[in-house]
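J.: Okay, so here is work-v2.txt, and as you'll see once you scroll down, it has compact mmCIF, C-alpha atoms.
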```
# COMPACT_ATOMS: atom_id res chain seq x y z
CA MET A 284 -20.66 -4.22 3.68
CA LYS A 285 -19.72 -0.87 5.12
CA ILE A 286 -15.92 -0.60 4.95
CA LEU A 287 -13.50 2.04 6.24
CA VAL A 288 -10.52 2.48 3.92
CA THR A 289 -7.75 4.59 5.42
CA GLY A 290 -5.23 6.01 2.98
CA ALA A 291 -7.97 6.24 0.34
CA ALA A 292 -6.11 8.94 -1.60
CA GLY A 293 -3.02 6.73 -1.75
CA PHE A 294 -1.96 4.39 -4.54
CA ILE A 295 -3.36 1.11 -3.23
CA GLY A 296 -6.18 2.74 -1.24
CA PHE A 297 -7.50 4.46 -4.36
CA HIS A 298 -7.53 1.27 -6.43
CA LEU A 299 -9.06 -0.74 -3.58
CA SER A 300 -11.81 1.82 -2.98
CA LYS A 301 -12.71 1.78 -6.68
CA LYS A 302 -12.87 -2.03 -6.79
CA LEU A 303 -14.97 -2.28 -3.63
CA LEU A 304 -17.37 0.36 -4.91
CA ASP A 305 -17.70 -1.51 -8.20
CA LYS A 306 -18.67 -4.59 -6.14
CA GLY A 307 -21.45 -2.62 -4.43
CA HIS A 308 -19.93 -1.99 -1.01
CA THR A 309 -20.36 1.21 0.98
CA ILE A 310 -16.99 2.89 1.49
CA ILE A 311 -15.88 5.67 3.81
CA GLY A 312 -12.43 6.80 2.71
CA ILE A 313 -10.12 8.86 4.89
CA ASP A 314 -6.66 10.30 4.24
CA ASN A 315 -4.59 13.16 5.65
CA ILE A 316 -3.28 14.06 2.16
CA ASN A 317 0.19 14.86 3.50
CA ASP A 318 2.88 16.34 1.28
CA TYR A 319 5.35 13.44 1.39
CA TYR A 320 4.87 13.48 -2.37
CA ASN A 321 2.97 15.78 -4.75
CA VAL A 322 -0.52 16.21 -3.32
CA ASN A 323 -1.94 16.91 -6.79
CA LEU A 324 -1.65 13.21 -7.60
CA LYS A 325 -3.65 12.38 -4.46
CA TYR A 326 -6.32 14.92 -5.36
CA ASP A 327 -6.44 13.57 -8.92
CA ARG A 328 -7.02 10.05 -7.58
CA LEU A 329 -9.87 11.35 -5.43
CA LYS A 330 -11.30 13.17 -8.43
CA GLU A 331 -11.50 9.80 -10.20
CA LEU A 332 -13.65 8.70 -7.26
CA GLY A 333 -15.91 11.74 -7.58
CA ILE A 334 -14.39 13.89 -4.84
CA GLN A 335 -13.35 17.42 -5.81
CA GLN A 336 -10.13 18.98 -4.48
CA GLU A 337 -11.74 22.05 -2.91
CA GLU A 338 -13.86 19.79 -0.72
CA ALA A 339 -11.26 17.09 -0.07
CA ALA A 340 -8.72 19.68 1.10
CA VAL A 341 -10.83 20.74 4.09
CA PHE A 342 -10.13 18.79 7.29
CA TYR A 343 -13.09 16.97 8.88
CA LYS A 344 -15.48 17.84 6.02
CA GLU A 345 -17.53 14.84 4.92
CA THR A 346 -17.86 14.83 1.14
CA THR A 347 -20.14 12.59 -0.92
CA SER A 348 -18.92 11.31 -4.28
CA SER A 349 -20.52 12.79 -7.37
CA SER A 350 -19.82 9.68 -9.46
CA HIS A 351 -19.78 6.64 -7.15
CA ASN A 352 -22.82 5.71 -5.11
CA GLY A 353 -21.83 4.68 -1.62
CA PHE A 354 -18.55 6.62 -1.37
CA LYS A 355 -17.81 9.38 1.11
CA PHE A 356 -14.45 10.97 1.92
CA MET A 357 -13.07 12.87 4.88
CA ARG A 358 -9.62 14.37 5.46
CA ILE A 359 -8.40 13.09 8.83
CA ASN A 360 -5.11 12.39 10.59
CA LEU A 361 -4.98 8.96 12.23
CA GLU A 362 -3.28 10.67 15.16
CA ASP A 363 -6.50 12.62 15.84
CA LYS A 364 -8.08 10.07 18.16
CA ALA A 365 -11.15 12.12 19.08
CA VAL A 366 -12.23 12.62 15.46
CA LEU A 367 -11.49 8.98 14.60
CA THR A 368 -13.51 7.78 17.59
CA THR A 369 -16.51 9.91 16.56
CA LEU A 370 -16.29 8.57 13.00
CA PHE A 371 -16.33 4.95 14.16
CA GLU A 372 -19.24 5.54 16.53
CA LYS A 373 -21.26 7.27 13.82
CA GLU A 374 -20.62 4.97 10.86
CA LYS A 375 -20.63 1.55 12.56
CA PHE A 376 -18.26 -0.10 10.08
CA ASP A 377 -18.35 -3.82 9.43
CA VAL A 378 -14.65 -4.09 8.59
CA VAL A 379 -11.64 -1.78 8.42
CA CYS A 380 -8.79 -1.72 5.90
CA ASN A 381 -5.93 0.38 7.26
CA LEU A 382 -3.63 1.38 4.41
CA ALA A 383 -2.75 4.83 5.78
CA ALA A 384 0.87 5.20 6.87
CA GLN A 385 3.90 7.37 6.46
CA ALA A 386 5.53 5.54 3.57
CA GLY A 387 9.09 5.36 2.29
CA VAL A 388 12.19 3.55 3.54
CA ARG A 389 14.74 6.29 2.82
CA TYR A 390 12.57 9.13 4.14
CA SER A 391 12.34 7.35 7.51
CA ILE A 392 16.06 8.00 7.95
CA GLU A 393 15.53 11.75 7.43
CA ASN A 394 12.26 12.26 9.30
CA PRO A 395 11.70 9.54 11.94
CA ASP A 396 9.10 11.48 13.95
CA ALA A 397 6.55 11.30 11.12
CA TYR A 398 6.76 7.49 11.20
CA ILE A 399 6.19 7.19 14.93
CA GLN A 400 3.19 9.51 14.87
CA SER A 401 1.43 8.03 11.83
CA ASN A 402 2.51 4.40 11.90
CA ILE A 403 2.58 3.78 15.67
CA VAL A 404 0.28 6.31 17.34
CA GLY A 405 -2.13 6.32 14.40
CA PHE A 406 -2.27 2.53 14.28
CA LEU A 407 -2.91 2.33 18.03
CA ASN A 408 -5.90 4.65 17.54
CA ILE A 409 -7.24 2.36 14.81
CA LEU A 410 -6.87 -0.67 17.08
CA GLU A 411 -8.63 1.10 19.95
CA CYS A 412 -11.50 2.16 17.69
CA CYS A 413 -11.84 -1.40 16.41
CA ARG A 414 -11.83 -2.71 19.98
CA HIS A 415 -14.63 -0.42 21.15
CA ASN A 416 -16.86 -0.66 18.06
CA ASN A 417 -17.24 -4.39 17.45
CA ILE A 418 -15.32 -4.37 14.17
CA LYS A 419 -15.56 -7.82 12.58
CA HIS A 420 -12.15 -7.70 10.91
CA LEU A 421 -9.16 -5.36 10.70
CA LEU A 422 -6.93 -5.73 7.66
CA TYR A 423 -3.80 -3.58 7.70
CA ALA A 424 -0.76 -2.89 5.56
CA SER A 425 2.55 -4.31 6.67
CA SER A 426 5.56 -4.47 4.36
CA SER A 427 8.17 -6.77 2.90
CA SER A 428 10.70 -4.41 4.49
CA VAL A 429 10.20 -6.27 7.81
CA TYR A 430 12.40 -9.05 6.39
CA GLY A 431 15.39 -6.70 6.62
CA ALA A 432 18.60 -8.20 5.32
CA ASN A 433 17.11 -11.70 5.25
CA ALA A 434 19.27 -13.82 2.95
CA LYS A 435 16.80 -16.72 2.68
CA ILE A 436 14.85 -16.57 -0.59
CA PRO A 437 11.91 -16.60 -1.08
CA PHE A 438 10.72 -14.74 2.02
CA SER A 439 8.32 -16.78 4.13
CA GLU A 440 5.98 -15.68 6.92
CA GLU A 441 7.80 -18.23 9.08
CA ASP A 442 11.13 -16.39 8.77
CA LYS A 443 12.42 -14.39 11.74
CA VAL A 444 11.89 -10.65 11.26
CA ASP A 445 13.75 -9.25 14.26
CA THR A 446 16.40 -7.27 12.40
CA PRO A 447 14.79 -4.39 10.45
CA VAL A 448 17.23 -2.15 8.58
CA SER A 449 15.06 0.99 8.49
CA LEU A 450 12.75 2.75 10.94
CA TYR A 451 9.92 2.31 8.45
CA ALA A 452 10.39 -1.45 8.67
CA ALA A 453 10.54 -1.25 12.46
CA THR A 454 7.17 0.55 12.58
CA LYS A 455 5.60 -2.10 10.35
CA LYS A 456 6.94 -4.90 12.54
CA SER A 457 5.54 -2.98 15.52
CA ASN A 458 2.13 -2.91 13.85
CA GLU A 459 2.19 -6.68 13.55
CA LEU A 460 3.06 -7.05 17.25
CA MET A 461 0.37 -4.56 18.29
CA ALA A 462 -2.25 -6.36 16.18
CA HIS A 463 -1.25 -9.68 17.73
CA THR A 464 -1.81 -8.24 21.20
CA TYR A 465 -5.28 -6.93 20.33
CA SER A 466 -6.26 -10.20 18.67
CA HIS A 467 -5.09 -12.10 21.76
CA LEU A 468 -6.64 -9.82 24.39
CA TYR A 469 -9.84 -8.69 22.70
CA LYS A 470 -10.46 -11.44 20.11
CA ILE A 471 -10.37 -8.98 17.20
CA PRO A 472 -9.68 -10.75 13.88
CA THR A 473 -6.65 -9.04 12.32
CA THR A 474 -4.83 -9.66 9.04
CA GLY A 475 -1.49 -8.07 8.22
CA LEU A 476 -0.41 -8.02 4.58
CA ARG A 477 3.29 -7.75 3.85
CA PHE A 478 3.20 -5.88 0.55
CA PHE A 479 6.05 -6.35 -1.86
CA THR A 480 6.88 -3.86 -4.67
CA VAL A 481 3.51 -2.74 -6.03
CA TYR A 482 3.36 -0.93 -9.38
CA GLY A 483 0.77 0.22 -11.87
CA PRO A 484 -1.30 3.24 -12.95
CA TRP A 485 -1.63 6.05 -10.40
CA GLY A 486 1.52 4.82 -8.63
CA ARG A 487 3.57 6.80 -6.14
CA PRO A 488 6.04 9.24 -7.73
CA ASP A 489 8.75 8.34 -5.19
CA MET A 490 8.75 4.70 -6.30
CA ALA A 491 11.09 3.28 -8.93
CA PRO A 492 8.54 2.79 -11.77
CA MET A 493 7.46 6.46 -11.74
CA LEU A 494 10.99 7.75 -11.20
CA PHE A 495 12.29 5.67 -14.10
CA ALA A 496 9.46 6.48 -16.50
CA ASP A 497 9.63 10.21 -15.80
CA ALA A 498 13.42 10.35 -16.17
CA ILE A 499 13.50 8.27 -19.38
CA ALA A 500 10.66 10.27 -20.96
CA ASN A 501 12.44 13.54 -20.17
CA ASP A 502 15.98 12.43 -21.11
CA ARG A 503 17.31 12.52 -17.56
CA PRO A 504 19.60 9.84 -16.12
CA ILE A 505 18.08 7.26 -13.80
CA LYS A 506 19.76 6.16 -10.58
CA VAL A 507 20.38 2.41 -10.57
CA PHE A 508 21.43 1.37 -7.08
CA ASN A 509 23.68 -1.53 -6.15
CA TYR A 510 25.10 -1.22 -9.67
CA GLY A 511 22.03 -2.93 -11.08
CA GLU A 512 22.34 -6.03 -8.89
CA MET A 513 18.87 -5.58 -7.40
CA GLN A 514 15.87 -7.89 -7.68
CA ARG A 515 12.30 -7.17 -6.62
CA ASP A 516 9.03 -9.04 -6.41
CA PHE A 517 7.17 -6.54 -8.59
CA THR A 518 3.41 -6.99 -8.24
CA TYR A 519 0.76 -5.30 -10.39
CA VAL A 520 -1.74 -3.28 -8.37
CA ASP A 521 -4.82 -5.10 -9.73
CA ASP A 522 -3.48 -8.37 -8.34
CA ILE A 523 -2.91 -6.73 -4.97
CA VAL A 524 -6.41 -5.28 -4.66
CA GLU A 525 -7.94 -8.56 -5.83
CA GLY A 526 -6.20 -10.27 -2.91
CA ILE A 527 -7.25 -7.59 -0.41
CA GLU A 528 -10.88 -7.71 -1.54
CA ARG A 529 -11.03 -11.49 -1.19
CA ILE A 530 -9.78 -11.30 2.39
CA LEU A 531 -12.01 -8.35 3.39
CA VAL A 532 -15.29 -9.90 2.25
CA SER A 533 -14.56 -13.40 3.57
CA GLU A 534 -15.62 -14.70 6.96
CA ILE A 535 -12.79 -15.44 9.34
CA LYS A 536 -12.98 -19.21 9.62
CA ASP A 537 -10.55 -22.10 9.34
CA ARG A 538 -7.70 -19.76 10.23
CA ASP A 539 -6.32 -18.00 13.30
CA LEU A 540 -7.78 -14.68 14.46
CA TYR A 541 -4.31 -13.17 14.00
CA LYS A 542 -2.69 -13.82 10.66
CA ILE A 543 0.16 -12.43 8.58
CA TYR A 544 0.40 -13.01 4.83
CA ASN A 545 2.91 -12.13 2.17
CA ILE A 546 1.17 -10.59 -0.82
CA GLY A 547 3.28 -10.39 -3.96
CA ASN A 548 3.81 -11.89 -7.37
CA ASN A 549 5.57 -15.03 -6.12
CA ASN A 550 8.52 -14.19 -8.36
CA SER A 551 11.61 -12.00 -8.38
CA VAL A 552 12.60 -9.78 -11.32
CA LYS A 553 15.97 -8.21 -12.02
CA LEU A 554 15.79 -4.44 -11.78
CA LEU A 555 17.55 -4.07 -15.14
CA ASP A 556 14.87 -6.28 -16.78
CA PHE A 557 12.18 -4.10 -15.24
CA ILE A 558 13.89 -1.00 -16.62
CA ALA A 559 14.16 -2.64 -20.05
CA GLU A 560 10.38 -3.13 -20.17
CA ILE A 561 9.84 0.55 -19.36
CA GLU A 562 12.37 1.55 -22.04
CA LYS A 563 10.59 -0.62 -24.60
CA ASN A 564 7.17 0.89 -23.88
CA ILE A 565 8.38 4.49 -23.73
CA GLY A 566 10.52 3.99 -26.83
CA LYS A 567 13.73 5.39 -25.37
CA GLU A 568 16.84 3.96 -23.80
CA ALA A 569 17.59 5.06 -20.24
CA GLN A 570 20.75 6.92 -19.28
CA LYS A 571 21.82 4.79 -16.33
CA GLN A 572 23.78 6.20 -13.39
CA MET A 573 25.13 3.15 -11.57
CA LEU A 574 25.40 3.72 -7.80
CA PRO A 575 26.10 1.73 -4.62
CA ILE A 576 23.26 0.35 -2.53
CA GLN A 577 21.43 2.88 -0.33
CA PRO A 578 21.19 2.63 3.48
CA GLY A 579 18.02 0.76 4.39
CA ASP A 580 17.74 -1.01 1.02
CA VAL A 581 17.93 -4.78 0.51
CA GLU A 582 19.35 -6.53 -2.55
CA LYS A 583 16.53 -8.96 -3.29
CA THR A 584 12.88 -9.54 -2.41
CA TRP A 585 10.70 -12.48 -3.32
CA ALA A 586 7.37 -13.37 -1.71
CA ASN A 587 6.34 -16.90 -0.85
CA VAL A 588 2.54 -16.54 -1.09
CA ASN A 589 1.59 -20.18 -0.44
CA ASP A 590 -0.43 -19.33 2.67
CA LEU A 591 -2.50 -16.75 0.80
CA ILE A 592 -3.07 -19.22 -2.03
CA LYS A 593 -4.16 -21.91 0.44
CA ASP A 594 -6.49 -19.75 2.54
CA TYR A 595 -7.92 -17.40 -0.12
CA ASN A 596 -7.06 -18.92 -3.51
CA TYR A 597 -4.92 -15.85 -4.28
CA LYS A 598 -3.58 -15.93 -7.84
CA PRO A 599 -1.54 -13.03 -9.22
CA THR A 600 -2.06 -13.18 -12.98
CA THR A 601 -0.52 -10.02 -14.47
CA LEU A 602 2.78 -10.73 -16.22
CA LEU A 603 5.42 -8.01 -16.20
CA PRO A 604 5.14 -7.02 -19.92
CA LYS A 605 1.37 -6.48 -19.61
CA GLY A 606 1.66 -4.65 -16.29
CA ILE A 607 4.38 -2.31 -17.54
CA LYS A 608 2.42 -1.62 -20.72
CA GLU A 609 -0.64 -0.60 -18.69
CA PHE A 610 1.47 1.55 -16.38
CA VAL A 611 3.33 3.34 -19.19
CA ASN A 612 0.09 3.97 -21.12
CA TRP A 613 -1.39 5.63 -18.04
CA PHE A 614 1.85 7.53 -17.40
CA LYS A 615 1.93 8.95 -20.92
CA ASN A 616 -1.70 10.12 -20.75
CA TYR A 617 -1.37 11.55 -17.26
CA ALA A 618 1.91 13.34 -18.05
CA ILE A 619 0.40 14.85 -21.21
CA GLU A 620 -2.66 16.07 -19.28
CA LYS A 621 -0.40 17.75 -16.76
```
The structure given in the file should be rewritten as structure tokens.

T.:
Amino acid sequence: MKILVTGAAGFIGFHLSKKLLDKGHTIIGIDNINDYYNVNLKYDRLKELGIQQEEAAVFYKETTSSSHNGFKFMRINLEDKAVLTTLFEKEKFDVVCNLAAQAGVRYSIENPDAYIQSNIVGFLNILECCRHNNIKHLLYASSSSVYGANAKIPFSEEDKVDTPVSLYAATKKSNELMAHTYSHLYKIPTTGLRFFTVYGPWGRPDMAPMLFADAIANDRPIKVFNYGEMQRDFTYVDDIVEGIERILVSEIKDRDLYKIYNIGNNNSVKLLDFIAEIEKNIGKEAQKQMLPIQPGDVEKTWANVNDLIKDYNYKPTTLLPKGIKEFVNWFKNYAIEK
């Protein structure tokens, strides 16, 4: 298959691109490589895929991988409709996986414009390109944040999600509504995945695992919000990309054209237990700064993934101790190299 992966320099997009390439698919990866977090990490991910920084940094330059047959990369903003349209018309993709977005719950409070441009305008451009180019399936990233302050645990796709507590969550809910409209009007198969807390090697530096590991390793205090009374459905990245790949390569049958799935570990872990695993693998105890809950945060997440199990036989298999060990091993090697 020929697959467009947007956000290919991102955490999940990088891992997904690598897995799809290993399975023999042809991948066009795009990313705007914005500076929401350290761009060097994004360039290092691309380097693992055979794309050098000096080429990746140039907008609209198509670069062929030096190490992975079937992979090309181009730096593009999703908001640039003309360039996106030309790309779709030229490449004639079979399916599209849209992982590109302005990420981060807290940053959406500080910089709302970035979220509207990337997550709303950019997503509309993707939908329009899919509509006009006979795309067989659009899979896109939603988020567990759409559940807002939902007190019902575990979170189910049947729950009402009309009360987001951050603009980031509101844009993801908007994406689901926009996709529904395009599936209804133009019969485009769309699948929205509500990601829960994804962790693993090459993870985002603004996320808790990287923040904790870096602080513990360098003897800095870590911020523990809600005084440690937080729980998250932590999901190892390999389990996430396994689920995405199964959906992307499957025919859309025996299910609705428009579908939303939770994708997580089907379990909830106490934040302090997660920190303890990192401490054990780094070999140091964290200095914990206990703080109140942040605006836009929720106390507990837990994914009910029964629909994904039923429709795609999705089975997350990575237990927390193994996942943290893999993450910390990568972190130590990467930090030493830097």

J.: With a distance cut-off of 8 Å and only C-alpha atoms, select the neighbouring residues of Lys583 (chain A), excluding the residue or stretch itself and same-chain residues fewer than 4 positions from it, and output the selection as a list of chain:residue names.

T.: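 Using only C-alpha atoms, the neighbours found are A:Met513, A:Gln514, A:Arg515, A:Ser551.
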
J.: Go through A:Phe517, A:Phe406, A:Tyr469, A:Phe354 and flag the residue nearest Tyr482 (chain A), using only C-alpha atoms for the distances.

T.: A:Phe517

J.: What's the separation between CA of Ile546 (chain A) and CA of Glu374 (chain A), in Å to one decimal place?

T.: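 For CA of Ile546 (chain A) relative to CA of Glu374 (chain A), the distance reads 29.2 Å.
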
J.: Would you mind telling me which residue in A:Thr369, A:Ser401, A:Lys355, A:Arg414 lies nearest to Asn317 (chain A) when using all atoms listed in the file?

T.: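 Between A:Thr369, A:Ser401, A:Lys355, A:Arg414, the residue approaching Asn317 (chain A) most closely is A:Ser401.
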
J.: Do you know which residues are at most 10 Å from region 430-436 of chain A counting all atoms listed in the file, after dropping those on the same chain fewer than 2 positions away, and could you put them as a list in words?

T.: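 Using all atoms listed in the file, the neighbours found are Ser426, Ser427, Ser428, Phe438, Ser439, Glu440, Asp442, Lys443, Val444, Asp445, Thr446, Pro447, Val448, Ser449, Ala452, Ala453, Lys456, Arg477, Ser551, Gly579, Asp580, Val581, Glu582, Lys583, Thr584, Trp585, Ala586 and Asn587 of chain A.
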
J.: Report, in Å with one decimal, the straight-line distance from CA of Ala462 (chain A) to CA of Tyr519 (chain A).

T.: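 CA of Tyr519 (chain A) lies 26.8 Å from CA of Ala462 (chain A).
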
J.: Mind pulling up the distance from CA of Ala383 (chain A) to CA of Gly526 (chain A)?

T.: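 CA of Ala383 (chain A) lies at a distance of 17.8 Å from CA of Gly526 (chain A).
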
J.: For Ala339 (chain A), which of A:Ala292, A:Cys380, A:Thr480, A:Asn360 is the closest residue, counting only C-alpha atoms?

T.: A:Ala292

J.: Every residue with an atom at most 12 Å from (16.6, 10.8, -18.1) (file coordinates; only C-alpha atoms) is what I'm after, so could you write them as a PyMOL selection string?

T.: chain A and resi 493-507+562+565+567-572

J.: Residues of the last selection are to be written out with C-alpha atoms, as a PDB file, in the coordinates of the input.

T.:
```pdb
ATOM      1  CA  MET A 493       7.460   6.460 -11.740  1.00  0.00           C
ATOM      2  CA  LEU A 494      10.990   7.750 -11.200  1.00  0.00           C
ATOM      3  CA  PHE A 495      12.290   5.670 -14.100  1.00  0.00           C
ATOM      4  CA  ALA A 496       9.460   6.480 -16.500  1.00  0.00           C
ATOM      5  CA  ASP A 497       9.630  10.210 -15.800  1.00  0.00           C
ATOM      6  CA  ALA A 498      13.420  10.350 -16.170  1.00  0.00           C
ATOM      7  CA  ILE A 499      13.500   8.270 -19.380  1.00  0.00           C
ATOM      8  CA  ALA A 500      10.660  10.270 -20.960  1.00  0.00           C
ATOM      9  CA  ASN A 501      12.440  13.540 -20.170  1.00  0.00           C
ATOM     10  CA  ASP A 502      15.980  12.430 -21.110  1.00  0.00           C
ATOM     11  CA  ARG A 503      17.310  12.520 -17.560  1.00  0.00           C
ATOM     12  CA  PRO A 504      19.600   9.840 -16.120  1.00  0.00           C
ATOM     13  CA  ILE A 505      18.080   7.260 -13.800  1.00  0.00           C
ATOM     14  CA  LYS A 506      19.760   6.160 -10.580  1.00  0.00           C
ATOM     15  CA  VAL A 507      20.380   2.410 -10.570  1.00  0.00           C
ATOM     16  CA  GLU A 562      12.370   1.550 -22.040  1.00  0.00           C
ATOM     17  CA  ILE A 565       8.380   4.490 -23.730  1.00  0.00           C
ATOM     18  CA  LYS A 567      13.730   5.390 -25.370  1.00  0.00           C
ATOM     19  CA  GLU A 568      16.840   3.960 -23.800  1.00  0.00           C
ATOM     20  CA  ALA A 569      17.590   5.060 -20.240  1.00  0.00           C
ATOM     21  CA  GLN A 570      20.750   6.920 -19.280  1.00  0.00           C
ATOM     22  CA  LYS A 571      21.820   4.790 -16.330  1.00  0.00           C
ATOM     23  CA  GLN A 572      23.780   6.200 -13.390  1.00  0.00           C
TER      24      GLN A 572
END
```

J.: With all heavy atoms retained, output region 341-349 of chain A as a short mmCIF file (atom, residue, chain, number, x, y, z; two decimals), in the first residue's frame.

T.:
```cif
data_model
loop_
_atom_site.label_atom_id
_atom_site.label_comp_id
_atom_site.auth_asym_id
_atom_site.auth_seq_id
_atom_site.Cartn_x
_atom_site.Cartn_y
_atom_site.Cartn_z
N VAL A 341 14.42 21.71 4.91
CA VAL A 341 13.99 22.57 3.81
C VAL A 341 12.53 22.30 3.48
O VAL A 341 12.15 21.16 3.18
CB VAL A 341 14.86 22.31 2.56
CG1 VAL A 341 14.42 23.23 1.42
CG2 VAL A 341 16.33 22.52 2.89
N PHE A 342 11.69 23.33 3.54
CA PHE A 342 10.28 23.18 3.21
C PHE A 342 10.11 22.76 1.76
O PHE A 342 10.80 23.25 0.86
CB PHE A 342 9.52 24.47 3.46
CG PHE A 342 9.00 24.61 4.88
CD1 PHE A 342 9.68 25.36 5.82
CD2 PHE A 342 7.83 23.97 5.27
CE1 PHE A 342 9.21 25.48 7.12
CE2 PHE A 342 7.35 24.08 6.57
CZ PHE A 342 8.04 24.84 7.49
N TYR A 343 9.17 21.83 1.54
CA TYR A 343 8.71 21.39 0.22
C TYR A 343 9.78 20.62 -0.57
O TYR A 343 9.59 20.37 -1.75
CB TYR A 343 8.20 22.57 -0.63
CG TYR A 343 7.34 23.53 0.16
CD1 TYR A 343 7.58 24.90 0.15
CD2 TYR A 343 6.29 23.06 0.96
CE1 TYR A 343 6.79 25.77 0.88
CE2 TYR A 343 5.50 23.92 1.70
CZ TYR A 343 5.76 25.28 1.66
OH TYR A 343 4.98 26.14 2.41
N LYS A 344 10.85 20.22 0.07
CA LYS A 344 11.89 19.43 -0.60
C LYS A 344 11.62 17.95 -0.35
O LYS A 344 11.63 17.49 0.79
CB LYS A 344 13.28 19.80 -0.07
CG LYS A 344 14.43 18.95 -0.66
CD LYS A 344 15.77 19.38 -0.06
CE LYS A 344 16.90 18.45 -0.46
NZ LYS A 344 17.13 18.43 -1.92
N GLU A 345 11.37 17.21 -1.42
CA GLU A 345 11.15 15.77 -1.29
C GLU A 345 12.49 15.06 -1.12
O GLU A 345 13.39 15.22 -1.94
CB GLU A 345 10.43 15.23 -2.52
CG GLU A 345 10.10 13.74 -2.42
CD GLU A 345 9.40 13.22 -3.65
OE1 GLU A 345 8.17 13.34 -3.70
OE2 GLU A 345 10.10 12.73 -4.56
N THR A 346 12.61 14.29 -0.05
CA THR A 346 13.86 13.60 0.26
C THR A 346 13.61 12.10 0.34
O THR A 346 12.67 11.66 1.00
CB THR A 346 14.43 14.11 1.60
OG1 THR A 346 14.62 15.52 1.53
CG2 THR A 346 15.76 13.45 1.91
N THR A 347 14.47 11.33 -0.30
CA THR A 347 14.37 9.87 -0.30
C THR A 347 15.28 9.30 0.78
O THR A 347 16.43 9.72 0.93
CB THR A 347 14.76 9.30 -1.66
OG1 THR A 347 13.89 9.84 -2.66
CG2 THR A 347 14.65 7.78 -1.67
N SER A 348 14.77 8.34 1.53
CA SER A 348 15.53 7.72 2.61
C SER A 348 16.77 7.00 2.07
O SER A 348 16.72 6.33 1.03
CB SER A 348 14.66 6.72 3.36
OG SER A 348 15.42 5.96 4.27
N SER A 349 17.85 7.12 2.83
CA SER A 349 19.08 6.42 2.47
C SER A 349 19.15 5.01 3.06
O SER A 349 20.04 4.24 2.73
CB SER A 349 20.30 7.22 2.96
OG SER A 349 20.27 7.35 4.38
#
```
